[in-house]
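Each remark here refers to the structure printed beneath this line.
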Amino acid sequence: MSRFNEKIEYLLNNLPEKPGIYLMKNAEGETIYVGKAVNLKNRVSSYFTNLSGHSAKTRKMVNSIDSFEYMVLDNERQAFITESDLIKSLRPKFNILMKDDKSYPYIKVTVNEKFPGIYVTRDKTDKFARYFGPYPSKVSKKNTITLLQNAFPLRSCKKMAKRPCLNYEMNLCLAPCSLECDVDKYNQTVTSAISFLSGESQKVIDDYKYKMQNASDNLDFEKAAYFRDRINALTMISDSYALATDQNSMDVIAYAEKKDYISFFI
């Protein structure tokens, strides 16, 4: 640790053990790397210990660091979103993983279709669809779709089938391909899915709880069980994946500095 300047040692000693993002700076004050951490103290300190164990790129980056700054955030989800936005706006020299939007998956809802579908995709070329994310790459495409369909039984087929498939039998789809599909119920499910993905998770869960209780009071236990299963799926999604809000409804403030100048981005 002694090979690094006193400024870095002081900053390392005062880092909080909280989630957030960090910005590595060179001697000119330029941001050369932006990263996220569940535990800022552990993550940032790891760069300056056992340097020989790092990759050549990381060693080169660490040797260029003159100081660093950090921002404490509420959770890993916020850190992920803030890191992504800062990398795209600042374009730090040593960041390479997130320069392409396609590196991270999004959830896509084809709102322009009569019966919208829900998908996990890395392609954001459909200007008529709504996208939510990006999400961490560790999120499994298959598991995510299954969980979402447990909560919101919407179609995930690329082309409308001619008859109900296995997903319908497993209560993972309302089968809009069937003439018996309730259009209003399907549209309500789409609305709930979009609200949930837009960050209104508790509102959707509370609405389902109300409907479950109402069904139970009316002795419609099958319907109550239906909403109970949806609530369980929603809770699992929230706990496991900490879904991000729709970035169209967010204001993100970032900044870049060089020598005596500083620029802000909103």
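Residue names in the structure tokens use chain letters A, B, ... in the order shown, residue numbers from 1 in each chain, and ligand numbers from 1 in the order shown.
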At a cut-off of 9 Å, using only C-alpha atoms, what residues contact Ser84 of chain A? Leave out same-chain residues fewer than 2 positions from it and give the result as an mmCIF file with N, CA and C atoms, in the first residue's frame.
```cif
data_model
loop_
_atom_site.group_PDB
_atom_site.id
_atom_site.type_symbol
_atom_site.label_atom_id
_atom_site.label_comp_id
_atom_site.auth_asym_id
_atom_site.auth_seq_id
_atom_site.Cartn_x
_atom_site.Cartn_y
_atom_site.Cartn_z
ATOM 1 N N VAL A 34 -14.908 3.942 -14.199
ATOM 2 C CA VAL A 34 -16.088 4.002 -13.332
ATOM 3 C C VAL A 34 -16.500 2.579 -13.009
ATOM 4 N N GLY A 35 -16.754 2.303 -11.749
ATOM 5 C CA GLY A 35 -17.174 0.963 -11.354
ATOM 6 C C GLY A 35 -18.265 1.021 -10.300
ATOM 7 N N ALA A 79 -26.729 1.358 -8.022
ATOM 8 C CA ALA A 79 -25.317 1.426 -8.417
ATOM 9 C C ALA A 79 -25.144 0.989 -9.862
ATOM 10 N N PHE A 80 -25.849 -0.062 -10.249
ATOM 11 C CA PHE A 80 -25.747 -0.572 -11.616
ATOM 12 C C PHE A 80 -26.211 0.474 -12.626
ATOM 13 N N ILE A 81 -27.359 1.103 -12.356
ATOM 14 C CA ILE A 81 -27.912 2.096 -13.279
ATOM 15 C C ILE A 81 -27.004 3.319 -13.366
ATOM 16 N N THR A 82 -26.540 3.803 -12.209
ATOM 17 C CA THR A 82 -25.682 4.991 -12.192
ATOM 18 C C THR A 82 -24.365 4.723 -12.896
ATOM 19 N N LEU A 86 -23.050 6.793 -16.193
ATOM 20 C CA LEU A 86 -21.789 7.535 -16.135
ATOM 21 C C LEU A 86 -20.804 7.050 -17.190
ATOM 22 N N ILE A 87 -20.757 5.748 -17.407
ATOM 23 C CA ILE A 87 -19.846 5.206 -18.416
ATOM 24 C C ILE A 87 -20.232 5.704 -19.801
ATOM 25 N N LYS A 88 -21.533 5.721 -20.071
ATOM 26 C CA LYS A 88 -21.984 6.146 -21.397
ATOM 27 C C LYS A 88 -21.786 7.643 -21.626
ATOM 28 N N SER A 89 -21.834 8.438 -20.550
ATOM 29 C CA SER A 89 -21.667 9.885 -20.714
ATOM 30 C C SER A 89 -20.205 10.318 -20.634
ATOM 31 N N MET A 98 -19.295 -1.842 -20.974
ATOM 32 C CA MET A 98 -20.651 -1.318 -21.111
ATOM 33 C C MET A 98 -20.785 -0.258 -22.190
ATOM 34 N N LYS A 99 -19.853 -0.173 -23.103
ATOM 35 C CA LYS A 99 -19.941 0.840 -24.153
ATOM 36 C C LYS A 99 -21.010 0.510 -25.181
ATOM 37 N N PRO A 134 -31.170 -1.286 -18.449
ATOM 38 C CA PRO A 134 -30.643 -2.647 -18.566
ATOM 39 C C PRO A 134 -30.560 -3.340 -17.208
#
```
Exercise for the section: Might you pull out every residue within 12 Å of Ile21 of chain A, with only C-alpha atoms counted and same-chain residues fewer than 2 positions away left off, and present them as a PyMOL selection string? Expected result: chain A and resi 15-19+23-24+33-41+43-44+68-87+254
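The residue that comes closest to Phe227 of chain A, out of A:Leu166, A:Lys114, A:Pro153, A:Asn13 and on the basis of only C-alpha atoms, is A:Pro153.
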Exercise for the section: as JSON, numbers by chain, list the residues of segment 38-167 of chain A assigned to alpha helix (DSSP H) by DSSP on the backbone atoms of this structure. Expected result: {"A": [40, 41, 42, 43, 44, 45, 46, 47, 56, 57, 58, 59, 60, 61, 62, 63, 76, 77, 78, 79, 80, 81, 82, 83, 84, 85, 86, 87, 88, 89, 90, 141, 142, 143, 144, 145, 146, 147, 148, 149, 150, 151, 166, 167]}
Exercise for the section: Would you work out the distance separating atom CA of Asn5 of chain A from atom CA of Thr58 of chain A, expressed in Å to one decimal? Expected result: 18.0 Å
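Shell of segment 180-193 of chain A at 8 Å, with only C-alpha atoms counted and residues fewer than 3 places along the chain excluded, is Phe115, Pro116, Phe152, Pro153, Leu154, Leu174, Ala175, Pro176, Cys177, Phe196, Leu197 and Val204 of chain A.
Counting only C-alpha atoms, segment 110-113 of chain A has the following residues at most 6 Å away, ignoring those fewer than 3 positions along the same chain: Pro116, Gly117, Phe128 and Ala129 of chain A.
You can rank A:Val120, A:Leu234, A:Ile32, A:Ala56 by their closest distance to Lys108 of chain A using only C-alpha atoms, and at the top of that list sits A:Val120.
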Exercise for the section: Tell me, as a list in words, which residues lie within 9 Å of Lys211 of chain A, counting only C-alpha atoms; anything in the same chain fewer than 5 positions away does not count. Expected result: Asp206, Ser216, Lys223, Ala224 and Phe227 of chain A
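Atom CA of Arg230 of chain A is positioned 13.3 Å from atom CA of Gln213 of chain A.
Distance-wise, atom CA of Ile145 of chain A and atom CA of Asp220 of chain A end up 28.3 Å apart.
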